[in-house]
Amino acid sequence: MEQVKGVVKHIVLAKFKEGVAEEEIEKHIKEYANLCNLIEHMKSFEWGTDVSIENLHQGFTHIFETTFLTLEDRSAYVAHPAHVKFGTAFLHIAEKIVVIDYVPRPEQ
C-alpha cells in the first residue's frame, strides 16, 4: 500500500436525537473542542452547523473537523482514553453519525 503523505482530516457529521436540549449539545461540543488540550495529536478542531440551501443534509445538522499531521496521529487519537470516553458520551445524544477520514489532495 502506498504511504499517504500530508495532513489527515477527520470529519464527523452528527444528527442528534429528537428532544436533546441545545444546552446538552453545546456541552458536548465544548467537551469535543477540549480534547485538543488533552490529546497532543490533534492539531486543530473546527465545527459548524449546516447552512446549505440545497436541503440535502438528511437530518445531519453539525459537522466537526479535526486535523492530524499523520495517519498514525489520527489512530493514536481514536484510541486515546479521553477520545474513547468522549465518544461514548457523544453517542448517547447522537441519533446517527458519519465519520470520514481523508488526506486532502491538490487539484490535478
# chains A, B, ... in the order shown; residues from 1 in each chain; ligands from 1
>>> residues_around(residues="range 105-107 of chain A", least_positions_apart="3", cutoff="12 Å", atoms="only C-alpha atoms", output="list of chain:residue names")
A:Val4, A:Lys5, A:Gly6, A:Val7, A:Val8, A:Lys9, A:Tyr102
>>> residues_around(residues="Leu69 in chain A", least_positions_apart="2", cutoff="12 Å", atoms="only C-alpha atoms", output="ChimeraX atom specification")
/A:4-10,40-44,66-67,71-77,102-104
>>> closest_residue(among="A:Val98, A:Val51, A:Leu56, A:Val84", to="Tyr32 in chain A", atoms="only C-alpha atoms")
A:Val84
>>> select_by_dssp(residues="range 2-49 of chain A", states="helix (DSSP H, G or I)", output="PyMOL selection string")
chain A and resi 22-38
>>> write_last_selection(atoms="all heavy atoms", output="compact mmCIF listing (two decimals), in the first residue's frame")
# COMPACT_ATOMS: atom_id res chain seq x y z
N GLU A 22 -30.60 21.89 23.40
CA GLU A 22 -29.48 22.61 22.76
C GLU A 22 -28.33 22.78 23.75
O GLU A 22 -27.16 22.70 23.37
CB GLU A 22 -29.97 23.97 22.25
CG GLU A 22 -28.97 24.69 21.38
CD GLU A 22 -28.64 23.94 20.09
OE1 GLU A 22 -29.52 23.30 19.51
OE2 GLU A 22 -27.46 24.00 19.67
N GLU A 23 -28.64 22.98 25.02
CA GLU A 23 -27.60 23.14 26.05
C GLU A 23 -26.76 21.86 26.16
O GLU A 23 -25.55 21.92 26.38
CB GLU A 23 -28.21 23.48 27.41
CG GLU A 23 -28.91 24.81 27.47
CD GLU A 23 -30.33 24.79 26.87
OE1 GLU A 23 -30.91 23.69 26.73
OE2 GLU A 23 -30.83 25.87 26.53
N GLU A 24 -27.40 20.72 26.03
CA GLU A 24 -26.69 19.43 26.09
C GLU A 24 -25.76 19.28 24.89
O GLU A 24 -24.62 18.84 25.02
CB GLU A 24 -27.71 18.28 26.14
CG GLU A 24 -27.08 16.92 26.32
CD GLU A 24 -26.53 16.67 27.71
OE1 GLU A 24 -26.79 17.46 28.63
OE2 GLU A 24 -25.81 15.67 27.87
N ILE A 25 -26.24 19.66 23.72
CA ILE A 25 -25.40 19.61 22.52
C ILE A 25 -24.21 20.55 22.68
O ILE A 25 -23.07 20.17 22.41
CB ILE A 25 -26.23 19.96 21.27
CG1 ILE A 25 -27.28 18.88 21.01
CG2 ILE A 25 -25.32 20.15 20.05
CD1 ILE A 25 -28.30 19.22 19.94
N GLU A 26 -24.45 21.76 23.15
CA GLU A 26 -23.38 22.73 23.35
C GLU A 26 -22.35 22.22 24.35
O GLU A 26 -21.14 22.42 24.18
CB GLU A 26 -23.95 24.07 23.80
CG GLU A 26 -24.70 24.79 22.71
CD GLU A 26 -25.41 26.05 23.18
OE1 GLU A 26 -25.13 26.54 24.30
OE2 GLU A 26 -26.27 26.55 22.42
N LYS A 27 -22.80 21.56 25.41
CA LYS A 27 -21.89 20.99 26.41
C LYS A 27 -20.96 19.96 25.75
O LYS A 27 -19.75 19.97 25.97
CB LYS A 27 -22.69 20.33 27.53
CG LYS A 27 -21.85 19.64 28.58
CD LYS A 27 -22.77 18.97 29.61
CE LYS A 27 -22.41 17.63 29.84
NZ LYS A 27 -22.57 16.42 29.69
N HIS A 28 -21.52 19.12 24.90
CA HIS A 28 -20.71 18.11 24.23
C HIS A 28 -19.75 18.73 23.22
O HIS A 28 -18.62 18.25 23.05
CB HIS A 28 -21.61 17.06 23.56
CG HIS A 28 -22.12 16.04 24.52
ND1 HIS A 28 -23.19 16.28 25.36
CD2 HIS A 28 -21.69 14.79 24.81
CE1 HIS A 28 -23.41 15.23 26.11
NE2 HIS A 28 -22.52 14.30 25.80
N ILE A 29 -20.17 19.79 22.56
CA ILE A 29 -19.28 20.48 21.62
C ILE A 29 -18.08 21.05 22.37
O ILE A 29 -16.94 20.93 21.91
CB ILE A 29 -20.03 21.56 20.83
CG1 ILE A 29 -21.03 20.91 19.88
CG2 ILE A 29 -19.05 22.45 20.06
CD1 ILE A 29 -22.00 21.88 19.22
N LYS A 30 -18.32 21.66 23.52
CA LYS A 30 -17.21 22.20 24.33
C LYS A 30 -16.26 21.08 24.78
O LYS A 30 -15.04 21.25 24.77
CB LYS A 30 -17.75 22.97 25.54
CG LYS A 30 -18.36 24.29 25.18
CD LYS A 30 -18.93 25.00 26.39
CE LYS A 30 -19.61 26.28 25.94
NZ LYS A 30 -20.33 26.94 27.03
N GLU A 31 -16.84 19.93 25.14
CA GLU A 31 -16.00 18.80 25.53
C GLU A 31 -15.19 18.27 24.35
O GLU A 31 -14.03 17.89 24.50
CB GLU A 31 -16.87 17.69 26.12
CG GLU A 31 -17.44 18.06 27.48
CD GLU A 31 -18.47 17.06 28.00
OE1 GLU A 31 -18.78 16.07 27.29
OE2 GLU A 31 -18.97 17.28 29.12
N TYR A 32 -15.80 18.26 23.17
CA TYR A 32 -15.10 17.83 21.96
C TYR A 32 -13.92 18.77 21.69
O TYR A 32 -12.79 18.34 21.48
CB TYR A 32 -16.08 17.83 20.79
CG TYR A 32 -15.69 17.01 19.58
CD1 TYR A 32 -16.66 16.67 18.66
CD2 TYR A 32 -14.39 16.58 19.34
CE1 TYR A 32 -16.35 15.92 17.53
CE2 TYR A 32 -14.07 15.83 18.23
CZ TYR A 32 -15.06 15.51 17.32
OH TYR A 32 -14.75 14.77 16.21
N ALA A 33 -14.18 20.07 21.73
CA ALA A 33 -13.12 21.06 21.49
C ALA A 33 -12.01 20.94 22.53
O ALA A 33 -10.83 21.10 22.21
CB ALA A 33 -13.72 22.46 21.50
N ASN A 34 -12.37 20.61 23.76
CA ASN A 34 -11.37 20.49 24.83
C ASN A 34 -10.44 19.31 24.61
O ASN A 34 -9.35 19.26 25.20
CB ASN A 34 -12.05 20.39 26.19
CG ASN A 34 -11.06 20.47 27.32
OD1 ASN A 34 -10.26 21.39 27.39
ND2 ASN A 34 -11.07 19.47 28.19
N LEU A 35 -10.82 18.36 23.78
CA LEU A 35 -9.92 17.23 23.51
C LEU A 35 -8.58 17.72 22.96
O LEU A 35 -7.55 17.06 23.15
CB LEU A 35 -10.56 16.24 22.54
CG LEU A 35 -11.74 15.43 23.07
CD1 LEU A 35 -12.31 14.54 21.97
CD2 LEU A 35 -11.36 14.60 24.28
N CYS A 36 -8.57 18.88 22.30
CA CYS A 36 -7.30 19.46 21.81
C CYS A 36 -6.32 19.70 22.96
O CYS A 36 -5.11 19.65 22.76
CB CYS A 36 -7.55 20.77 21.07
SG CYS A 36 -8.16 20.57 19.40
N ASN A 37 -6.85 19.98 24.14
CA ASN A 37 -6.00 20.21 25.31
C ASN A 37 -5.55 18.91 25.97
O ASN A 37 -4.64 18.92 26.79
CB ASN A 37 -6.74 21.06 26.35
CG ASN A 37 -7.08 22.43 25.81
OD1 ASN A 37 -6.26 23.07 25.16
ND2 ASN A 37 -8.30 22.86 26.04
N LEU A 38 -6.20 17.82 25.62
CA LEU A 38 -5.92 16.54 26.26
C LEU A 38 -5.17 15.55 25.35
O LEU A 38 -4.52 14.64 25.85
CB LEU A 38 -7.25 15.89 26.71
CG LEU A 38 -8.13 16.72 27.62
CD1 LEU A 38 -9.47 16.03 27.84
CD2 LEU A 38 -7.43 16.98 28.94
>>> atom_distance(atom1="CA of Glu95 in chain A", atom2="CA of Phe68 in chain A")
26.4 Å
>>> closest_residue(among="A:Phe16, A:Ile93, A:Glu46, A:Phe86", to="Gln58 in chain A", atoms="only C-alpha atoms")
A:Phe16
>>> select_by_dssp(residues="range 40-101 of chain A", states="strand (DSSP E or B)", output="count of residues only")
21
>>> decode(residues="range 35-51 of chain A", atoms="all heavy atoms", output="compact mmCIF listing (two decimals), in the first residue's frame")
# COMPACT_ATOMS: atom_id res chain seq x y z
N LEU A 35 -10.82 18.36 23.78
CA LEU A 35 -9.92 17.23 23.51
C LEU A 35 -8.58 17.72 22.96
O LEU A 35 -7.55 17.06 23.15
CB LEU A 35 -10.56 16.24 22.54
CG LEU A 35 -11.74 15.43 23.07
CD1 LEU A 35 -12.31 14.54 21.97
CD2 LEU A 35 -11.36 14.60 24.28
N CYS A 36 -8.57 18.88 22.30
CA CYS A 36 -7.30 19.46 21.81
C CYS A 36 -6.32 19.70 22.96
O CYS A 36 -5.11 19.65 22.76
CB CYS A 36 -7.55 20.77 21.07
SG CYS A 36 -8.16 20.57 19.40
N ASN A 37 -6.85 19.98 24.14
CA ASN A 37 -6.00 20.21 25.31
C ASN A 37 -5.55 18.91 25.97
O ASN A 37 -4.64 18.92 26.79
CB ASN A 37 -6.74 21.06 26.35
CG ASN A 37 -7.08 22.43 25.81
OD1 ASN A 37 -6.26 23.07 25.16
ND2 ASN A 37 -8.30 22.86 26.04
N LEU A 38 -6.20 17.82 25.62
CA LEU A 38 -5.92 16.54 26.26
C LEU A 38 -5.17 15.55 25.35
O LEU A 38 -4.52 14.64 25.85
CB LEU A 38 -7.25 15.89 26.71
CG LEU A 38 -8.13 16.72 27.62
CD1 LEU A 38 -9.47 16.03 27.84
CD2 LEU A 38 -7.43 16.98 28.94
N ILE A 39 -5.29 15.76 24.05
CA ILE A 39 -4.70 14.82 23.10
C ILE A 39 -3.76 15.60 22.17
O ILE A 39 -4.20 16.34 21.29
CB ILE A 39 -5.80 14.10 22.27
CG1 ILE A 39 -6.80 13.41 23.21
CG2 ILE A 39 -5.17 13.10 21.31
CD1 ILE A 39 -8.00 12.82 22.50
N GLU A 40 -2.48 15.42 22.38
CA GLU A 40 -1.49 16.20 21.65
C GLU A 40 -1.52 15.98 20.14
O GLU A 40 -1.05 16.82 19.38
CB GLU A 40 -0.08 15.89 22.18
CG GLU A 40 0.37 14.46 21.91
CD GLU A 40 1.75 14.16 22.45
OE1 GLU A 40 2.71 14.78 21.99
OE2 GLU A 40 1.83 13.30 23.34
N HIS A 41 -2.05 14.88 19.69
CA HIS A 41 -2.07 14.56 18.26
C HIS A 41 -3.04 15.44 17.47
O HIS A 41 -2.91 15.56 16.26
CB HIS A 41 -2.41 13.09 18.05
CG HIS A 41 -1.52 12.16 18.82
ND1 HIS A 41 -0.20 11.96 18.49
CD2 HIS A 41 -1.76 11.40 19.91
CE1 HIS A 41 0.34 11.12 19.35
NE2 HIS A 41 -0.59 10.77 20.23
N MET A 42 -4.01 16.04 18.15
CA MET A 42 -4.96 16.92 17.48
C MET A 42 -4.29 18.26 17.20
O MET A 42 -3.86 18.94 18.12
CB MET A 42 -6.20 17.16 18.37
CG MET A 42 -7.04 15.94 18.61
SD MET A 42 -8.42 16.26 19.76
CE MET A 42 -9.50 17.27 18.73
N LYS A 43 -4.21 18.62 15.92
CA LYS A 43 -3.56 19.88 15.57
C LYS A 43 -4.55 21.02 15.42
O LYS A 43 -4.20 22.17 15.60
CB LYS A 43 -2.74 19.72 14.28
CG LYS A 43 -1.58 18.75 14.46
CD LYS A 43 -0.74 19.11 15.67
CE LYS A 43 0.28 18.06 16.02
NZ LYS A 43 0.84 18.20 17.34
N SER A 44 -5.80 20.71 15.07
CA SER A 44 -6.83 21.73 15.03
C SER A 44 -8.20 21.07 15.12
O SER A 44 -8.35 19.89 14.83
CB SER A 44 -6.74 22.58 13.75
OG SER A 44 -7.12 21.82 12.62
N PHE A 45 -9.16 21.87 15.54
CA PHE A 45 -10.53 21.41 15.66
C PHE A 45 -11.44 22.56 15.26
O PHE A 45 -11.27 23.69 15.73
CB PHE A 45 -10.85 20.99 17.10
CG PHE A 45 -12.31 20.70 17.33
CD1 PHE A 45 -12.86 19.48 16.94
CD2 PHE A 45 -13.14 21.65 17.92
CE1 PHE A 45 -14.21 19.22 17.15
CE2 PHE A 45 -14.49 21.39 18.13
CZ PHE A 45 -15.02 20.17 17.74
N GLU A 46 -12.38 22.28 14.37
CA GLU A 46 -13.37 23.26 13.96
C GLU A 46 -14.72 22.57 13.88
O GLU A 46 -14.79 21.36 13.69
CB GLU A 46 -13.04 23.86 12.59
CG GLU A 46 -11.74 24.63 12.55
CD GLU A 46 -11.43 25.15 11.16
OE1 GLU A 46 -11.37 24.34 10.22
OE2 GLU A 46 -11.24 26.37 11.05
N TRP A 47 -15.77 23.35 14.03
CA TRP A 47 -17.10 22.79 13.91
C TRP A 47 -18.05 23.85 13.39
O TRP A 47 -17.75 25.05 13.39
CB TRP A 47 -17.60 22.23 15.24
CG TRP A 47 -17.96 23.28 16.24
CD1 TRP A 47 -17.10 23.95 17.08
CD2 TRP A 47 -19.26 23.81 16.48
NE1 TRP A 47 -17.81 24.84 17.83
CE2 TRP A 47 -19.14 24.78 17.49
CE3 TRP A 47 -20.52 23.55 15.96
CZ2 TRP A 47 -20.21 25.49 17.97
CZ3 TRP A 47 -21.61 24.26 16.44
CH2 TRP A 47 -21.44 25.22 17.45
N GLY A 48 -19.20 23.41 12.93
CA GLY A 48 -20.22 24.32 12.46
C GLY A 48 -21.53 23.58 12.27
O GLY A 48 -21.62 22.37 12.48
N THR A 49 -22.54 24.34 11.88
CA THR A 49 -23.85 23.75 11.60
C THR A 49 -24.18 23.94 10.13
O THR A 49 -23.64 24.83 9.46
CB THR A 49 -24.95 24.39 12.48
OG1 THR A 49 -24.96 25.80 12.26
CG2 THR A 49 -24.72 24.10 13.95
N ASP A 50 -25.08 23.12 9.65
CA ASP A 50 -25.46 23.14 8.24
C ASP A 50 -26.05 24.49 7.85
O ASP A 50 -26.96 25.00 8.53
CB ASP A 50 -26.47 22.03 7.97
CG ASP A 50 -26.96 22.05 6.55
OD1 ASP A 50 -26.11 21.96 5.64
OD2 ASP A 50 -28.18 22.17 6.33
N VAL A 51 -25.57 25.06 6.77
CA VAL A 51 -26.10 26.30 6.23
C VAL A 51 -26.44 26.15 4.74
O VAL A 51 -26.66 27.13 4.04
CB VAL A 51 -25.13 27.50 6.44
CG1 VAL A 51 -24.96 27.81 7.92
CG2 VAL A 51 -23.80 27.23 5.78
